[in-house]
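Undergrad: So here's coords-v3.cif (mmCIF, C-alpha atoms).
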```cif
data_query
loop_
_atom_site.label_atom_id
_atom_site.label_comp_id
_atom_site.auth_asym_id
_atom_site.auth_seq_id
_atom_site.Cartn_x
_atom_site.Cartn_y
_atom_site.Cartn_z
CA MET A 1 -44.18 -24.61 -70.97
CA HIS A 2 -42.09 -25.62 -68.09
CA LEU A 3 -40.48 -22.66 -66.32
CA LYS A 4 -37.52 -23.15 -64.11
CA VAL A 5 -37.97 -21.93 -60.54
CA ALA A 6 -35.63 -19.02 -59.91
CA LYS A 7 -32.73 -19.95 -57.73
CA ARG A 8 -33.08 -18.46 -54.26
CA ALA A 9 -30.01 -16.70 -52.87
CA GLU A 10 -28.99 -18.16 -49.53
CA SER A 11 -29.36 -15.58 -46.72
CA TYR A 12 -26.54 -15.19 -44.25
CA ILE A 13 -25.08 -12.59 -41.94
CA PRO A 14 -21.55 -11.59 -42.95
CA THR A 15 -19.34 -12.34 -39.98
CA ALA A 16 -15.96 -12.39 -41.64
CA SER A 17 -15.09 -8.87 -40.42
CA MET A 18 -16.16 -9.52 -36.84
CA ALA A 19 -12.70 -10.75 -35.89
CA ASP A 20 -11.13 -7.64 -37.39
CA ILE A 21 -13.45 -5.42 -35.36
CA ALA A 22 -12.76 -7.34 -32.16
CA PHE A 23 -8.98 -7.28 -32.60
CA LEU A 24 -9.16 -3.59 -33.40
CA LEU A 25 -10.93 -3.09 -30.06
CA ILE A 26 -8.26 -5.14 -28.26
CA VAL A 27 -5.46 -3.10 -29.80
CA PHE A 28 -7.27 0.15 -28.95
CA PHE A 29 -7.66 -0.82 -25.29
CA MET A 30 -4.07 -2.06 -25.11
CA VAL A 31 -2.76 1.26 -26.41
CA THR A 32 -4.97 3.48 -24.26
CA THR A 33 -4.60 1.68 -20.95
CA THR A 34 -1.81 2.78 -18.68
CA ILE A 35 -0.04 0.09 -16.75
CA THR A 36 -0.40 0.50 -13.00
CA VAL A 37 2.97 0.53 -11.29
CA ASP A 38 1.56 0.15 -7.81
CA ARG A 39 -1.01 -2.41 -6.72
CA THR A 40 -0.94 -1.84 -2.99
CA ALA A 41 -4.47 -2.19 -1.64
CA VAL A 42 -5.33 0.94 0.30
CA ASP A 43 -8.54 2.59 1.46
CA LEU A 44 -7.98 6.09 0.11
CA PRO A 45 -9.27 9.14 1.98
CA THR A 46 -12.08 11.11 0.33
CA SER A 47 -12.12 14.69 -0.89
CA LEU A 48 -14.50 16.93 -2.83
CA GLN A 49 -11.78 18.68 -4.79
CA ARG A 50 -9.75 16.45 -7.09
CA VAL A 51 -7.40 17.27 -9.91
CA GLU A 52 -5.82 15.00 -12.48
CA VAL A 53 -2.29 14.06 -11.50
CA PRO A 54 0.59 13.49 -13.98
CA LYS A 55 0.78 9.98 -15.39
CA ASP A 56 4.52 9.43 -15.02
CA ALA A 57 4.67 10.46 -11.37
CA ALA A 58 6.58 8.49 -8.76
CA VAL A 59 4.33 6.65 -6.34
CA ILE A 60 4.74 6.32 -2.59
CA ALA A 61 2.13 3.95 -1.21
CA ILE A 62 1.57 3.55 2.51
CA ASP A 63 -0.67 0.71 3.64
CA GLU A 64 -2.63 0.65 6.88
CA THR A 65 0.24 -0.94 8.82
CA GLY A 66 2.51 1.95 7.82
CA GLN A 67 4.63 -0.08 5.41
CA VAL A 68 5.95 2.16 2.63
CA PHE A 69 6.08 1.06 -1.01
CA PHE A 70 7.95 3.06 -3.61
CA SER A 71 7.93 3.21 -7.39
CA ASN A 72 9.77 5.66 -9.60
CA GLY A 73 6.83 5.68 -12.01
CA GLU A 74 8.30 3.13 -14.40
CA GLU A 75 9.10 0.04 -12.38
CA ASP A 76 6.71 -1.86 -10.14
CA SER A 77 6.58 -0.66 -6.58
CA ARG A 78 8.61 -2.40 -3.89
CA ALA A 79 8.61 -2.28 -0.12
CA ILE A 80 11.10 0.23 1.21
CA SER A 81 12.08 1.60 4.60
CA THR A 82 11.41 5.29 5.23
CA GLN A 83 15.14 6.00 5.51
CA ASP A 84 15.78 4.56 2.04
CA LEU A 85 13.22 6.92 0.57
CA LEU A 86 15.59 9.89 0.70
CA PRO A 87 18.30 8.51 -1.67
CA SER A 88 15.65 7.14 -4.06
CA ALA A 89 13.79 10.45 -4.17
CA ALA A 90 17.01 12.44 -4.45
CA PHE A 91 18.11 10.29 -7.40
CA ILE A 92 14.82 10.94 -9.21
CA MET A 93 15.04 14.66 -8.46
CA SER A 94 18.58 14.79 -9.88
CA LYS A 95 17.18 13.63 -13.22
CA ASN A 96 13.90 15.54 -13.23
CA SER A 97 13.44 18.29 -10.68
CA LEU A 98 9.77 18.76 -11.59
CA LYS A 99 8.78 15.17 -10.91
CA THR A 100 5.52 14.77 -9.02
CA PHE A 101 5.41 12.36 -6.10
CA LEU A 102 2.05 10.71 -5.48
CA ILE A 103 1.20 9.84 -1.92
CA LYS A 104 -1.19 6.90 -2.00
CA ALA A 105 -1.83 6.32 1.68
CA ASP A 106 -4.54 4.51 3.56
CA GLY A 107 -6.95 6.96 5.19
CA ASN A 108 -6.73 5.22 8.55
CA VAL A 109 -2.96 5.24 8.78
CA GLU A 110 -1.54 7.35 11.60
CA TYR A 111 -0.21 10.72 10.49
CA ARG A 112 3.30 10.12 11.83
CA PHE A 113 3.99 7.76 8.89
CA ILE A 114 3.02 10.49 6.43
CA ASP A 115 5.09 12.94 8.45
CA GLN A 116 8.20 10.77 8.09
CA VAL A 117 7.64 10.43 4.33
CA MET A 118 7.07 14.18 3.94
CA GLU A 119 10.27 14.88 5.86
CA GLN A 120 12.27 12.62 3.53
CA LEU A 121 10.72 14.29 0.49
CA ARG A 122 11.47 17.73 1.91
CA GLN A 123 15.10 16.79 2.42
CA ALA A 124 15.25 15.50 -1.15
CA SER A 125 14.06 18.96 -2.30
CA VAL A 126 10.87 17.58 -3.79
CA ARG A 127 8.48 20.31 -4.91
CA ASN A 128 5.38 18.68 -6.32
CA ILE A 129 3.34 16.33 -4.21
CA ALA A 130 -0.13 14.96 -4.87
CA MET A 131 -2.26 13.03 -2.44
CA LEU A 132 -4.48 10.51 -4.16
CA THR A 133 -8.09 10.60 -2.99
CA GLN A 134 -11.46 9.13 -3.77
CA GLN A 135 -14.45 11.26 -4.72
CA GLU A 136 -16.39 12.28 -1.65
CA ALA A 137 -20.14 11.71 -1.91
CA GLY A 138 -22.25 14.82 -1.65
CA MET B 1 -14.38 -49.22 -60.92
CA LYS B 2 -13.10 -45.75 -60.55
CA LEU B 3 -13.96 -43.86 -57.42
CA ARG B 4 -13.95 -40.15 -57.64
CA LYS B 5 -13.60 -38.10 -54.55
CA LYS B 6 -15.49 -34.85 -54.49
CA LYS B 7 -13.08 -32.02 -53.84
CA GLY B 8 -14.37 -29.36 -51.48
CA ASN B 9 -13.14 -25.80 -51.67
CA PRO B 10 -10.15 -25.49 -49.32
CA GLU B 11 -10.59 -22.76 -46.72
CA ILE B 12 -9.33 -21.73 -43.31
CA PRO B 13 -12.10 -21.71 -40.72
CA THR B 14 -12.32 -18.18 -39.41
CA SER B 15 -15.80 -18.21 -37.94
CA SER B 16 -14.46 -18.73 -34.40
CA MET B 17 -11.94 -15.88 -34.66
CA ALA B 18 -14.47 -13.31 -33.46
CA ASP B 19 -15.38 -15.50 -30.50
CA ILE B 20 -11.72 -15.80 -29.54
CA ALA B 21 -11.15 -12.06 -29.87
CA PHE B 22 -14.21 -11.11 -27.82
CA LEU B 23 -13.22 -13.65 -25.20
CA LEU B 24 -9.85 -11.88 -24.97
CA ILE B 25 -11.56 -8.49 -24.62
CA VAL B 26 -13.80 -9.76 -21.83
CA PHE B 27 -10.79 -11.35 -20.09
CA PHE B 28 -8.80 -8.10 -20.14
CA MET B 29 -11.84 -6.11 -19.02
CA VAL B 30 -12.35 -8.38 -16.02
CA THR B 31 -8.71 -8.61 -14.96
CA SER B 32 -7.74 -4.95 -15.41
CA VAL B 33 -7.85 -2.75 -12.34
CA PHE B 34 -8.75 0.89 -12.55
CA SER B 35 -6.08 3.02 -10.97
CA VAL B 36 -6.95 6.27 -9.26
CA THR B 37 -5.35 9.17 -11.08
CA ARG B 38 -6.96 12.07 -9.28
CA GLY B 39 -6.15 13.71 -6.01
CA LEU B 40 -5.09 16.86 -4.19
CA GLU B 41 -1.96 18.61 -5.38
CA PHE B 42 0.39 20.21 -2.95
CA GLN B 43 3.67 22.06 -3.32
CA LEU B 44 6.47 21.99 -0.81
CA PRO B 45 8.30 25.27 -0.31
CA ARG B 46 11.58 25.85 -2.11
CA PRO B 47 14.45 24.88 0.15
CA ASP B 48 16.57 27.91 -0.79
CA THR B 49 14.03 30.63 -0.01
CA SER B 50 13.36 30.67 3.68
CA SER B 51 9.78 31.77 4.19
CA GLU B 52 9.73 34.93 6.21
CA GLN B 53 6.14 34.42 7.20
CA THR B 54 6.03 34.15 10.95
CA ALA B 55 3.95 31.46 12.51
CA GLU B 56 2.12 33.98 14.72
CA GLU B 57 0.40 35.55 11.71
CA ALA B 58 -0.79 32.25 10.33
CA VAL B 59 -3.97 30.40 11.13
CA HIS B 60 -3.04 27.28 13.02
CA ILE B 61 -5.20 24.16 12.67
CA PHE B 62 -4.36 21.41 15.09
CA ILE B 63 -5.81 17.95 14.39
CA GLU B 64 -6.19 15.37 17.11
CA ARG B 65 -7.69 11.93 17.23
CA SER B 66 -10.82 11.73 19.33
CA GLY B 67 -12.21 8.22 19.28
CA ALA B 68 -13.15 7.18 15.75
CA THR B 69 -13.21 10.77 14.46
CA CYS B 70 -11.03 13.82 14.85
CA ALA B 71 -11.05 17.03 16.83
CA PHE B 72 -10.02 20.24 15.06
CA THR B 73 -8.58 23.11 17.07
CA VAL B 74 -8.34 26.32 15.04
CA ASP B 75 -6.25 29.00 16.74
CA GLY B 76 -6.95 27.45 20.08
CA ILE B 77 -10.70 27.10 19.60
CA LEU B 78 -12.29 23.66 19.19
CA THR B 79 -14.17 23.77 15.87
CA SER B 80 -16.11 21.36 13.70
CA LEU B 81 -14.78 20.60 10.22
CA GLY B 82 -17.54 22.59 8.50
CA ASP B 83 -16.92 25.68 10.64
CA ILE B 84 -13.28 26.02 9.60
CA ASN B 85 -14.43 27.78 6.42
CA VAL B 86 -16.68 30.11 8.42
CA TYR B 87 -13.73 31.08 10.58
CA LEU B 88 -11.40 31.56 7.62
CA GLN B 89 -13.63 33.58 5.27
CA PRO B 90 -13.31 37.02 6.97
CA LYS B 91 -9.56 36.52 7.37
CA LEU B 92 -9.18 35.58 3.70
CA ALA B 93 -11.31 38.54 2.64
CA ARG B 94 -8.84 40.84 4.40
CA ASN B 95 -5.72 38.98 3.26
CA PRO B 96 -6.10 36.47 0.40
CA ASN B 97 -2.54 35.27 0.98
CA LYS B 98 -3.21 34.30 4.56
CA PHE B 99 -1.02 31.44 5.69
CA VAL B 100 -2.71 28.39 7.13
CA ILE B 101 -0.72 25.76 8.97
CA ILE B 102 -2.07 22.24 9.23
CA ASP B 103 -0.60 20.51 12.24
CA PRO B 104 -1.85 16.94 12.69
CA ALA B 105 -0.96 15.06 15.86
CA PRO B 106 1.25 12.00 15.22
CA ASN B 107 -1.58 9.61 16.06
CA ALA B 108 -4.28 11.46 14.08
CA PRO B 109 -5.62 9.50 11.09
CA TYR B 110 -4.36 10.65 7.69
CA ARG B 111 -7.90 11.08 6.34
CA CYS B 112 -8.57 13.90 8.84
CA MET B 113 -5.60 15.80 7.46
CA VAL B 114 -6.94 15.26 3.92
CA ASP B 115 -10.39 16.45 5.06
CA VAL B 116 -8.94 19.70 6.39
CA PHE B 117 -6.76 20.14 3.29
CA ASP B 118 -9.85 19.64 1.12
CA GLU B 119 -11.78 22.25 3.13
CA LEU B 120 -8.93 24.75 2.73
CA ARG B 121 -8.81 24.10 -1.01
CA ILE B 122 -12.55 24.73 -1.23
CA SER B 123 -12.04 28.05 0.63
CA ASN B 124 -9.34 28.98 -1.91
CA VAL B 125 -6.58 29.22 0.65
CA LYS B 126 -3.43 29.82 -1.40
CA ASN B 127 -0.77 29.27 1.21
CA ILE B 128 -1.20 25.97 2.96
CA SER B 129 1.69 24.70 4.99
CA ILE B 130 2.05 21.22 6.45
CA PRO B 131 5.25 21.36 8.48
CA THR B 132 6.92 18.09 9.39
CA THR B 133 7.94 17.31 12.95
CA VAL B 134 11.57 18.20 12.15
CA GLU B 135 10.54 21.58 10.75
CA LYS B 136 8.36 22.31 13.75
CA ALA B 137 11.26 21.53 16.05
CA ALA B 138 13.38 24.00 14.06
CA TRP B 139 10.71 26.66 14.41
CA GLY B 140 10.86 26.39 18.15
CA ASP B 141 8.08 27.53 20.41
CA VAL B 142 6.17 29.74 18.01
CA MET B 143 3.73 26.92 17.28
#
```
Step by step, read the file and then write its structure as structure tokens.
TA:
Amino acid sequence: MHLKVAKRAESYIPTASMADIAFLLIVFFMVTTTITVDRTAVDLPTSLQRVEVPKDAAVIAIDETGQVFFSNGEEDSRAISTQDLLPSAAFIMSKNSLKTFLIKADGNVEYRFIDQVMEQLRQASVRNIAMLTQQEAG
Amino acid sequence: MKLRKKKGNPEIPTSSMADIAFLLIVFFMVTSVFSVTRGLEFQLPRPDTSSEQTAEEAVHIFIERSGATCAFTVDGILTSLGDINVYLQPKLARNPNKFVIIDPAPNAPYRCMVDVFDELRISNVKNISIPTTVEKAAWGDVM
């Protein structure tokens, strides 16, 4: 008697859902990432103590030449003179008096630039300030 | 003669979709920059309440540039950064609300001020004051 050879099922790896998985990952990363408002390249000072700062804070970046960049936390940062900082900060404070101002300054910048910025913030009645730092080794 | 064309099953090729998606993931991973979201928090005094604390009672830390590093003068005594805590501990034990004034020279690097601030935070100093040049001028000669 002639028996028919059983048909062998073709083996394959199911890859149809791979695209779904990958796009899910993309969407996840897109939702969780926060968009950086300031891209000024600075060499931050280091500190052992560091606390998480609010995400919607206004950013004042000071590069090593002392040039000040300002962002209200929503728009991209732009170069600004120290004198113009006062009206900008005062405007933000008029809307939200608890707004945190991040100082993202280069560690090698001379203190007088920070002093000028602090003075403007003081005059604008700013309360909360945070100085961004890197983790200190050890 | 009749020619018959074999009809294949119509389908959309989706096998490269995963490749495209992973390529996108890798692209975003490479181009995204990690922003620093941690630092030292600091509160400026309320403008309406004038602090009655006199500068004489406070510990005064003066920061100067000395070459590539900084010199720290605490209450008139030249001190190393690590010894600031040693100096402060007995004072804080007596009065936990001891005022400490950080006074960096205009040409001192910013990182030295952050170093001192960090040290004070580690010592649990509650009242840290960083007066600006304008404020110091208003205070007069007490500094």
Undergrad: A:Ile80, A:Val37, A:Ala9, A:Ala89: which is nearest chain B, counting only C-alpha atoms?
TA: A:Val37
Undergrad: Which residues of region 17-121 of chain B have any atom within 8 Å of an atom in region 120-137 of chain A when counting all atoms listed in the file, and what is the closest pair of atoms for each, with the distance in Å to one decimal? Order the rows by chain and rising number and write it as JSON lines.
TA:
```
{"residue": "B:Val36", "atom": "CA", "partner": "A:Leu132", "partner_atom": "CA", "distance": 7.1}
{"residue": "B:Thr37", "atom": "CA", "partner": "A:Leu132", "partner_atom": "CA", "distance": 7.1}
{"residue": "B:Arg38", "atom": "CA", "partner": "A:Leu132", "partner_atom": "CA", "distance": 5.9}
{"residue": "B:Gly39", "atom": "CA", "partner": "A:Leu132", "partner_atom": "CA", "distance": 4.1}
{"residue": "B:Leu40", "atom": "CA", "partner": "A:Met131", "partner_atom": "CA", "distance": 5.1}
{"residue": "B:Glu41", "atom": "CA", "partner": "A:Ala130", "partner_atom": "CA", "distance": 4.1}
{"residue": "B:Phe42", "atom": "CA", "partner": "A:Ile129", "partner_atom": "CA", "distance": 5.0}
{"residue": "B:Gln43", "atom": "CA", "partner": "A:Asn128", "partner_atom": "CA", "distance": 4.8}
{"residue": "B:Leu44", "atom": "CA", "partner": "A:Arg127", "partner_atom": "CA", "distance": 4.9}
{"residue": "B:Pro45", "atom": "CA", "partner": "A:Arg127", "partner_atom": "CA", "distance": 6.8}
{"residue": "B:Arg46", "atom": "CA", "partner": "A:Arg127", "partner_atom": "CA", "distance": 6.9}
{"residue": "B:Pro47", "atom": "CA", "partner": "A:Ser125", "partner_atom": "CA", "distance": 6.4}
```
Undergrad: Applied to the shown file, which residues does the PyMOL selection byres ((chain B) within 10 of (chain A)) return, written as a VMD selection string?
TA: chain B and resid 14 to 26 28 to 29 32 to 48 63 65 68 103 to 119 121 to 122 130 to 135
Undergrad: Just the number, please: distance in Å from CA of Ala71 (chain B) to CA of Ile102 (chain B), one decimal.
TA: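 So the two atoms, CA of Ala71 (chain B) and CA of Ile102 (chain B), lie 12.9 Å apart.
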Undergrad: Looking at all atoms listed in the file, which of B:Ile84, B:Ala138, B:Val59, B:Ile77 is the one that sits closest to Asn97 (chain B)?
TA: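 Of B:Ile84, B:Ala138, B:Val59, B:Ile77, the one nearest Asn97 (chain B), counting all atoms listed in the file, is B:Val59.
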Undergrad: Tell me, in Å to one decimal, how far CA of Phe91 (chain A) is from CA of Phe70 (chain A).
TA: 13.0 Å
Undergrad: Please determine, counting all atoms listed in the file, which residue among A:Thr82, A:Asn72, A:Ser11, A:Ser94 has the shortest atom-to-atom distance to Val59 (chain A).
TA: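 Residue with the minimum atom-to-atom distance to Val59 (chain A): A:Asn72.
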Undergrad: How many Å lie between CA of Ala58 (chain A) and CA of Glu74 (chain A), rounded to one decimal?
TA: 8.0 Å
Undergrad: At a cut-off of 12 Å around the point (11.6, -2.1, 8.6) (file coordinates), what residues fall inside when counting only C-alpha atoms? I'd like the answer as a PyMOL selection string.
TA: chain A and resi 65-69+79-84
